[in-house]
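Chemist: Here it is, the structure in full.
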Amino acid sequence: MTAVLDPGAAAARATDAILGDTLRGTARGIVVDSPPGAGKSTLVVRAALELAAAGRPLMVVAQTNAQVDDLVVRLAEKEPGLPVGRLHSSDSDPYDKVLDGLDNVRKSAKAGDLAGLDIVISTAAKWAHVKNVEPWGHAIVDEAYQMRSDALLAVAGLFERALFVGDPGQLDPFSIVGADQWAGLSYDPSASAVSTLLAHNPELPQHRLPVSWRLPASAAPLVSDAFYPYTPFRSGTDHGDRRLSFGVPSDGSGPDRVLDEAAESGWGLLELPARHTPRTDPEAVRAVAVVVRRLLDRGGAATSERSPGPVPVTAERVAVGTAHRDQAAAVRAALADLGVTGVAVDTANRLQGREFDVTVVLHPLSGRPDATAFHLETGRLCVLASRHRHACVVVCRAGVADLLDEHPSTEPVQLGVTVKFPDGWEANHAVLAHLAEHRVHWAP
Amino acid sequence: MSLISTLARLEAVDSGRAQPLATVRHRHLTDRPLVLVPLTTAGEAGAPLGALVGTDREAPRLLSVAQPRDRDLRFAFLAELAEAVLPHIESYADAVEPAARKETDPETGKKVDVEVELCTDAAQLIVPSRAGVEFVRLLGRSMRFRRTVEDDPDTPYPAPARVPLLGRWLTHYGERARVPGSSLLLATTDLLNRHWATGQSSLEDQHLGALLAWVDPPGGGSGAEAALRAELERDRAGQLVCPPAGPATDPAFDNKLLAPAIERFDRARTALATAQDGPDFDTRLGEQSDAERAIRSLLAGVLLPTWDAVWRSLDLLRELPEGARAEDRWTRDRWSFTGHRDRVRAGEPPQPRRDDAVTAAQKLASRETAQAQLDAQEALDDPLVMAGRRLAGEAFVGEVAEVQMAYSESKRPSPRPLVTVRTAERPHLGERTKVYRSLDGDPGRSQTAEFVEYASEDPDDGTVCLVLRITDRMGRGKEPAPGSVPEPGDRIAWTLFEHDQRGGPKLPDPENTPWTHGGPPGSGGGQAEQPDSVTAEDLL
């Protein structure tokens with residue numbers, strides 16, 4: 001190990017190496033692993049602009065329409081004169097209306113209409129329907145770890161070379177039917193695009209972004225240790241660079257005390273009495289809603305490197321994360337009852353890639369009698385625990401550690417399948433052990 | 001598990017009887033299914049021990065292997081199985097109707113209708129349990145690569161003529177059974193579990209005897225008690241009164257009855273081999289036949305209760321009327337059956353050991369489509385299933401309170417009427433969430449609307465009014481076609497899931513498999529599929 005670089009220099013060095021390989025390398029593919037908030041989108045935008053500047057026609061593959069629109073807007077912000085094509089579906093309202101205000105963005109449902117533009121962007125699902133066109137020299141595949149192998153199969157014929165960017169720690173792609181019959185095959189259609197790509201092309205260069213700009217110094221070590229034990233990263237800011245404070249002092253209740261703990265240490269665990277509950281545990285859902293309400297009522301203010309003074313933590317800067325959609329719906333209803341609007345409430349799947357100041361998480365195992373593979377999935381907890389810039393409050397029933405001990409992971413071993421490490425069981429214990437130091441009991 | 005099936009299970013525990021999960025039958029049953037109850041040998045993967053097979057419940061055909069580790073006897077069994085199964089399958093192969101299929105014209109690249117044959121019905125295979133489906137798959141795998149004398153006159157251990165063909169058909173049935181909602185090969189336990197909820201765990205529900213006891217307790221007593229008896233009750237000799245539905249047998253049966261009988265057969269066979277001539281030979285031949293008969297009668301004893309349970313289950317299922325859309329899924333099964341018939345007739349090689357990248361992706365995509373379609377169709381066919389979706393916030397029923405005409409903001413305004421619906425349910429609606437309803441008289445088509453806003457809430461009776469904007473199926477004119485817009489007073493079931501599924505994108509042909517997936521199959525130096533080679537394990 002050479003001298004430790006400061007975060008900015010370390011990140012710049014990684015980015016330069018990636019862009020060097022992309023623009024001047026000979027490999028057909030380059031894989032970039034990016035931990036949460038490490039500047040993946042910035043990298044994609046920069047690589048796209050440099051490829052365009054070098055006169056190389058580029059297609060960009062993202063996974064959702066929101067991601068595509070977001071990329072188009074970012075490209076236009078950086079380079080307003082660059083001709084960009086937004087390939088979209090033929091449904092009604094296929095793209096964000098913001099794009100209509102951008103002069104150099106052409107939108108069409110037909111790839112032919114966009115031929116010749118420097119950059120064409122669309123979702124993997126839409127690209128899969130593009131046929132009989134001249135292949136692009138370059139592609140950038142964004143969120144490649146969330147793309148399924150079969151989706152890559154459908155689009156890989158459209159490009160010669162590609163840059164694959166994604167976060168290996170987030171949720172794996174899933175299928176609604178069993179796919180065990182192909183487990184262990186290098187091209188298992190239900191596996192992630194990157195695992196198939198690397199199984200067939202192990203010689204491809206792999207890079208890693210080493211610094212998380214989103215996660216505060218209080219969170220990066222835990223997330224890195226629990227979810228990325230072999231590829232550690234650090235936070236771009238130091239202890240004391242970020243601060244969360246409240247205008248209204250605590251009233252001594254559980255929600256207020258857990259908010260103070262989270263403001264102080266970056267983490268807070270609000271523990272409810274042990275109990276087996278239905279998924280939409282009314283007490284836990286209410287506790288989540290009360291925490292959010294108190295956070296807003298107490299006039300939270302965030303100080304960070306982004307601005308000289310404290311910035312109010314408004315509803316748009318707060319998110320609630322759950323495991324299931326019905327839990328999200330229940331939390332939304334509870335928040336509406338308390339008169340709170342504008343807070344993002346969604347499942348881990350839909351919060352992927354988003355960033356907030358403070359997150360409130362309903363623990364996936366709270367109140368459960370069993371620990372299934374779904375609830376243990378490493379990526380789910382990783383997404384929920386890595387969306388925040390300042391603090392994360394977890395609401396949970398007591399007894400999850402015992403539940404984990406009663407349910408060691410018993411997934412069948414499949415020949416030829418790379419064992420994912422850490423497994424969800426291990427990661428859950430690591431996070432729980434850390435949260436236990438920031439525990440506040442719910443006092444009614 | 002959904003809330004409504006949890007409730008059904010609780011009610012089953014409470015009442016001691018299985019509770020219905022469906023008001024119609026969601027799987028097609030043919031008039032003449034072929035029931036197959038296989039048994040396998042403990043400790044030897046894929047060694048059949050015996051089977052009952054047939055289409056007539058009064059006349060099952062008993063097949064047995066007196067010494068399951070003897071490959072000659074195993075092949076004799078498989079040849080007999082082929083004789084029992086293949087004529088049944090082939091009897092469906094020639095009754096065809098003309099049908100149209102879309103194909104891409106190689107010259108113009110356009111989709112054109114091609115007239116092809118479609119079998120008017122397909123052979124249906126019923127096994128007792130999921131393990132039975134797995135065994136069918138295993139048998140298929142073990143047979144389809146065998147060589148017969150016709151394939152290769154020099155092959156050292158040729159298989160009987162029709163065995164590889166049976167292997168190909170069983171492989172096809174086993175693979176088709178993985179498609180959600182398909183009915184070519186069905187497990188009786190799956191059928192019962194789809195239509196009834198018991199008060200036991202889903203693991204216990206894999207025991208056909210216990211499951212049937214919950215659904216249809218003998219003498220009308222408590223299902224819970226009957227199920228416990230079915231699981232545990234043994235006779236004086238220590239044998240289960242309700243033998244497991246196989247293919248695995250009860251260890252007590254294996255140890256106490258089957259092993260001594262097979263030993264006796266082995267002794268008789270050795271004695272016969274060393275017999276001289278005349279009366280000595282006849283006596284020993286008689287002893288071997290007796291030993292074989294004893295094994296057959298033992299197997300019949302443990303197979304018949306399962307055979308009867310399968311037929312009793314089919315009776316119970318036939319009491320339910322078939323769901324309206326089950327026929328549509330059976331048509332897909334008929335296409336699948338016809339497709340395999342055509343591949344066999346065209347002399348194509350057996351299904352490969354492993355799918356290539358493109359085939360695997362295609363199968364996964366079509367199964368996902370089938371699953372979504374099955375979920376939608378079952379809900380649309382069955383108010384009880386729809387109730388579960390409503391409880392989960394994925395559908396709702398409401399009365400139309402008001403309809404207000406509105407138009408789209410485009411150069412040629414189209415009708416976009418706003419419909420206010422009053423409902424006591426709480427669907428998970430977000431901004432612009434799409435909802436769908438069936439159109440009367442056109443069961444295949446649905447109308448789409450999008451959620452606009454909550455109009456009002458009435459805390460007294462717990463109902464909400466929500467506003468929906470209808471977006472399609474109103475004709476081409478400026479005014480909506482008559483009857484295409486709901487009217488005040490209509491009670492309508494809206495779903496948040498689509499009623500029909502679009503197929504996915506076309507994947508590249510296998511020979512154009514991209515570099516990310518290893519390139520075309522065989523390009524990595526691999527060889528085309530070869531038949532299985534004979535290994536040391538093939539010889540006793």
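All residue names refer to the structure tokens as shown: chains lettered A, B, ... in order, residues numbered from 1 in each chain, ligands numbered from 1 in order.
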In segment 340-423 of chain A, what's alpha helix (DSSP H) per DSSP? Answer as a list in words?
Modeler: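 Filtering segment 340-423 of chain A down to alpha helix (DSSP H) leaves Ala348, Asn349, Arg350, Leu351, Ala373, Phe374, His375, Leu376, Thr378, Gly379, Arg380, Leu381, Cys382, Val383, Leu384, Val400, Ala401, Asp402, Leu403, Leu404, Asp405 and Glu406 of chain A.
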Chemist: Residues of chain A within 8 Å of chain B, counting only C-alpha atoms - could you list those as a list of chain:residue names?
Modeler: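 Contact residues on the first chain: A:Ala128, A:His129, A:Asp150, A:Leu152, A:Leu153, A:Ala154, A:Ala156, A:Gly157, A:Ser175, A:Ile176, A:Val177, A:Ala179, A:Trp182, A:Ser186, A:Tyr187, A:Asp188, A:Pro189, A:Ser190, A:Thr196, A:Leu197, A:His200, A:Asn201, A:Asp326, A:Ala329.
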Chemist: In Å, how far is it from atom CA of Asp402 of chain A to atom CA of Leu270 of chain A?
Modeler: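 Taking atom CA of Asp402 of chain A and atom CA of Leu270 of chain A, their separation equals 17.2 Å.
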Chemist: Taking 4 positions as the minimum chain separation for residues in the same chain, which residues sit within 8 Å of segment 425-433 of chain A when counting only C-alpha atoms? Answer as a PyMOL selection string.
Modeler: chain A and resi 222+226-227+376+378+381+401+404+408-409+437
Chemist: Now that the selection is made, can you save its residues with N, CA and C atoms as a short mmCIF file (atom, residue, chain, number, x, y, z; two decimals), in the first residue's frame?
Modeler:
data_model
loop_
_atom_site.label_atom_id
_atom_site.label_comp_id
_atom_site.auth_asym_id
_atom_site.auth_seq_id
_atom_site.Cartn_x
_atom_site.Cartn_y
_atom_site.Cartn_z
N LEU A 222 -19.54 0.92 8.48
CA LEU A 222 -20.47 -0.17 8.73
C LEU A 222 -20.95 -0.80 7.42
N ALA A 226 -20.08 -4.57 6.45
CA ALA A 226 -21.19 -5.53 6.44
C ALA A 226 -21.48 -6.06 5.05
N PHE A 227 -21.36 -5.20 4.04
CA PHE A 227 -21.83 -5.60 2.71
C PHE A 227 -20.73 -5.71 1.65
N LEU A 376 -34.00 -12.03 4.21
CA LEU A 376 -32.59 -12.04 4.57
C LEU A 376 -31.70 -11.46 3.47
N THR A 378 -29.24 -9.89 1.28
CA THR A 378 -28.24 -8.88 1.63
C THR A 378 -28.55 -7.54 0.99
N LEU A 381 -31.24 -5.15 2.68
CA LEU A 381 -30.78 -4.41 3.85
C LEU A 381 -29.76 -3.35 3.43
N ALA A 401 -32.38 -10.59 16.66
CA ALA A 401 -31.13 -11.36 16.77
C ALA A 401 -31.44 -12.83 17.08
N LEU A 404 -32.77 -14.56 14.01
CA LEU A 404 -31.70 -14.93 13.09
C LEU A 404 -31.02 -16.22 13.56
N PRO A 408 -30.75 -20.20 10.75
CA PRO A 408 -29.52 -20.12 9.96
C PRO A 408 -29.86 -20.30 8.48
N SER A 409 -29.07 -19.70 7.62
CA SER A 409 -29.44 -19.80 6.20
C SER A 409 -29.30 -21.24 5.73
N GLU A 437 -25.91 -0.53 19.59
CA GLU A 437 -25.24 0.52 20.37
C GLU A 437 -26.02 1.83 20.33
#
Chemist: Give me, as a PDB file with N, CA and C atoms, in the first residue's frame, all polymer residues having an atom no more than 8 Å from Arg368 of chain A, counting only C-alpha atoms and skipping those fewer than 5 positions away in the same chain.
Modeler:
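Writing done, so here's around21.pdb:
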ATOM      1  N   HIS A 276     -44.951 -11.167  17.556  1.00  0.00           N
ATOM      2  CA  HIS A 276     -45.202 -11.600  16.177  1.00  0.00           C
ATOM      3  C   HIS A 276     -46.374 -10.805  15.632  1.00  0.00           C
ATOM      4  N   THR A 277     -46.194 -10.235  14.465  1.00  0.00           N
ATOM      5  CA  THR A 277     -47.239  -9.358  13.928  1.00  0.00           C
ATOM      6  C   THR A 277     -47.487  -9.691  12.470  1.00  0.00           C
ATOM      7  N   PRO A 278     -48.631  -9.207  11.915  1.00  0.00           N
ATOM      8  CA  PRO A 278     -48.776  -9.265  10.455  1.00  0.00           C
ATOM      9  C   PRO A 278     -47.763  -8.324   9.813  1.00  0.00           C
ATOM     10  N   ARG A 279     -47.621  -8.440   8.491  1.00  0.00           N
ATOM     11  CA  ARG A 279     -46.618  -7.629   7.798  1.00  0.00           C
ATOM     12  C   ARG A 279     -46.805  -6.144   8.052  1.00  0.00           C
TER      13      ARG A 279
END
Chemist: Please compute the atom CA of Gln414 of chain A-atom CA of Ala199 of chain A distance, one decimal, in Å.
Modeler: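 Atom CA of Ala199 of chain A lies at a distance of 15.9 Å from atom CA of Gln414 of chain A.
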Chemist: Counting only C-alpha atoms, which residue out of B:Arg312, B:His88, B:Arg422, B:Arg296 sits closest to Gly489 of chain B?
Modeler: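 Ranking B:Arg312, B:His88, B:Arg422, B:Arg296 by distance to Gly489 of chain B, first place goes to B:Arg422.
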Chemist: For Ala328 of chain A, find every residue with an atom within 7 Å (counting only C-alpha atoms), except residues of its own chain fewer than 5 positions away, and show them as a ChimeraX atom specification.
Modeler: /A:322,345-347
Chemist: Segment 92-104 of chain A: which residues within 9 Å, counting only C-alpha atoms, same-chain residues fewer than 6 positions away excluded, as a list in words?
Modeler: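 Near segment 92-104 of chain A, the qualifying residues are Asn65, Ala66, Val68, Asp69, Asp70, Val72, Val73, Ala76, Pro80, Gly81, Leu82, Pro83, Val84, Gly85 and Arg86 of chain A.
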Chemist: Just the selected residues (N, CA and C atoms), exported as a PDB file, in the first residue's frame, please.
Modeler:
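Written out: out.pdb:
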ATOM      1  N   ASN A  65     -37.250   3.946 -16.739  1.00  0.00           N
ATOM      2  CA  ASN A  65     -37.470   5.204 -17.443  1.00  0.00           C
ATOM      3  C   ASN A  65     -37.003   6.388 -16.607  1.00  0.00           C
ATOM      4  N   ALA A  66     -37.191   6.304 -15.276  1.00  0.00           N
ATOM      5  CA  ALA A  66     -36.757   7.410 -14.419  1.00  0.00           C
ATOM      6  C   ALA A  66     -35.246   7.581 -14.519  1.00  0.00           C
ATOM      7  N   VAL A  68     -33.363   6.759 -17.064  1.00  0.00           N
ATOM      8  CA  VAL A  68     -33.046   7.278 -18.392  1.00  0.00           C
ATOM      9  C   VAL A  68     -33.264   8.786 -18.426  1.00  0.00           C
ATOM     10  N   ASP A  69     -34.426   9.239 -17.945  1.00  0.00           N
ATOM     11  CA  ASP A  69     -34.729  10.669 -17.977  1.00  0.00           C
ATOM     12  C   ASP A  69     -33.716  11.450 -17.151  1.00  0.00           C
ATOM     13  N   ASP A  70     -33.355  10.891 -16.000  1.00  0.00           N
ATOM     14  CA  ASP A  70     -32.393  11.543 -15.131  1.00  0.00           C
ATOM     15  C   ASP A  70     -31.049  11.721 -15.849  1.00  0.00           C
ATOM     16  N   VAL A  72     -30.547  11.830 -19.111  1.00  0.00           N
ATOM     17  CA  VAL A  72     -30.685  12.808 -20.200  1.00  0.00           C
ATOM     18  C   VAL A  72     -30.568  14.214 -19.636  1.00  0.00           C
ATOM     19  N   VAL A  73     -31.234  14.464 -18.500  1.00  0.00           N
ATOM     20  CA  VAL A  73     -31.192  15.795 -17.898  1.00  0.00           C
ATOM     21  C   VAL A  73     -29.765  16.139 -17.474  1.00  0.00           C
ATOM     22  N   ALA A  76     -27.666  17.014 -20.468  1.00  0.00           N
ATOM     23  CA  ALA A  76     -28.017  18.321 -21.014  1.00  0.00           C
ATOM     24  C   ALA A  76     -27.487  19.440 -20.121  1.00  0.00           C
ATOM     25  N   PRO A  80     -25.132  21.432 -22.970  1.00  0.00           N
ATOM     26  CA  PRO A  80     -26.459  21.731 -23.546  1.00  0.00           C
ATOM     27  C   PRO A  80     -26.503  21.603 -25.062  1.00  0.00           C
ATOM     28  N   GLY A  81     -25.375  21.722 -25.742  1.00  0.00           N
ATOM     29  CA  GLY A  81     -25.407  21.687 -27.196  1.00  0.00           C
ATOM     30  C   GLY A  81     -25.313  20.295 -27.794  1.00  0.00           C
ATOM     31  N   LEU A  82     -25.136  19.287 -26.951  1.00  0.00           N
ATOM     32  CA  LEU A  82     -24.891  17.934 -27.462  1.00  0.00           C
ATOM     33  C   LEU A  82     -26.201  17.294 -27.943  1.00  0.00           C
ATOM     34  N   PRO A  83     -26.210  16.779 -29.173  1.00  0.00           N
ATOM     35  CA  PRO A  83     -27.434  16.120 -29.650  1.00  0.00           C
ATOM     36  C   PRO A  83     -27.624  14.755 -28.966  1.00  0.00           C
ATOM     37  N   VAL A  84     -28.719  14.637 -28.242  1.00  0.00           N
ATOM     38  CA  VAL A  84     -29.006  13.411 -27.504  1.00  0.00           C
ATOM     39  C   VAL A  84     -30.353  12.866 -27.966  1.00  0.00           C
ATOM     40  N   GLY A  85     -30.438  11.561 -28.147  1.00  0.00           N
ATOM     41  CA  GLY A  85     -31.698  10.931 -28.526  1.00  0.00           C
ATOM     42  C   GLY A  85     -32.283  10.176 -27.350  1.00  0.00           C
ATOM     43  N   ARG A  86     -33.566  10.389 -27.108  1.00  0.00           N
ATOM     44  CA  ARG A  86     -34.269   9.647 -26.043  1.00  0.00           C
ATOM     45  C   ARG A  86     -35.232   8.704 -26.735  1.00  0.00           C
TER      46      ARG A  86
END
Chemist: Considering only C-alpha atoms, return as a PyMOL selection string whatever protein or nucleic-acid residues lie within 9 Å of Gln447 of chain B, sequence-local ones (same chain, fewer than 3 positions apart) excluded.
Modeler: chain B and resi 435-439+470-474+484
Chemist: Write out as a list in words all residues of segment 451-530 of chain B that DSSP puts in strand (DSSP E) for this structure's backbone.
Modeler: Phe451, Val452, Glu453, Tyr454, Ala455, Ser456, Glu457, Asp458, Thr463, Val464, Cys465, Leu466, Val467, Leu468, Arg469, Ile470, Arg491, Ile492, Ala493, Trp494 and Thr495 of chain B
Chemist: Could you write out that same residue set with C-alpha atoms as a short mmCIF file (atom, residue, chain, number, x, y, z; two decimals), in the first residue's frame?
Modeler:
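That gives us out_6.cif:
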data_model
loop_
_atom_site.label_atom_id
_atom_site.label_comp_id
_atom_site.auth_asym_id
_atom_site.auth_seq_id
_atom_site.Cartn_x
_atom_site.Cartn_y
_atom_site.Cartn_z
CA PHE B 451 -56.30 6.96 -11.31
CA VAL B 452 -56.68 10.74 -11.09
CA GLU B 453 -57.45 11.63 -7.49
CA TYR B 454 -59.47 10.86 -4.38
CA ALA B 455 -62.60 12.96 -4.64
CA SER B 456 -63.94 12.65 -1.13
CA GLU B 457 -63.96 10.43 1.89
CA ASP B 458 -66.95 9.53 3.97
CA THR B 463 -66.18 4.55 1.68
CA VAL B 464 -64.03 6.70 -0.58
CA CYS B 465 -64.79 8.26 -3.94
CA LEU B 466 -62.03 8.02 -6.48
CA VAL B 467 -61.83 9.56 -9.91
CA LEU B 468 -60.63 7.48 -12.86
CA ARG B 469 -59.94 8.64 -16.38
CA ILE B 470 -60.90 6.15 -19.11
CA ARG B 491 -70.92 -2.03 -10.17
CA ILE B 492 -67.53 -2.73 -11.69
CA ALA B 493 -64.52 -4.76 -10.62
CA TRP B 494 -61.30 -2.90 -11.44
CA THR B 495 -57.93 -4.56 -11.24
#
Chemist: Considering only C-alpha atoms, can you say which of B:Pro68, B:Pro352, B:Gly54, B:Gly174 comes closest to Leu258 of chain B?
Modeler: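 Of B:Pro68, B:Pro352, B:Gly54, B:Gly174, the one nearest Leu258 of chain B, counting only C-alpha atoms, is B:Pro68.
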Chemist: In Å, how far is it from atom CA of Ser149 of chain A to atom CA of Val61 of chain A?
Modeler: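 A separation of 13.6 Å between them.
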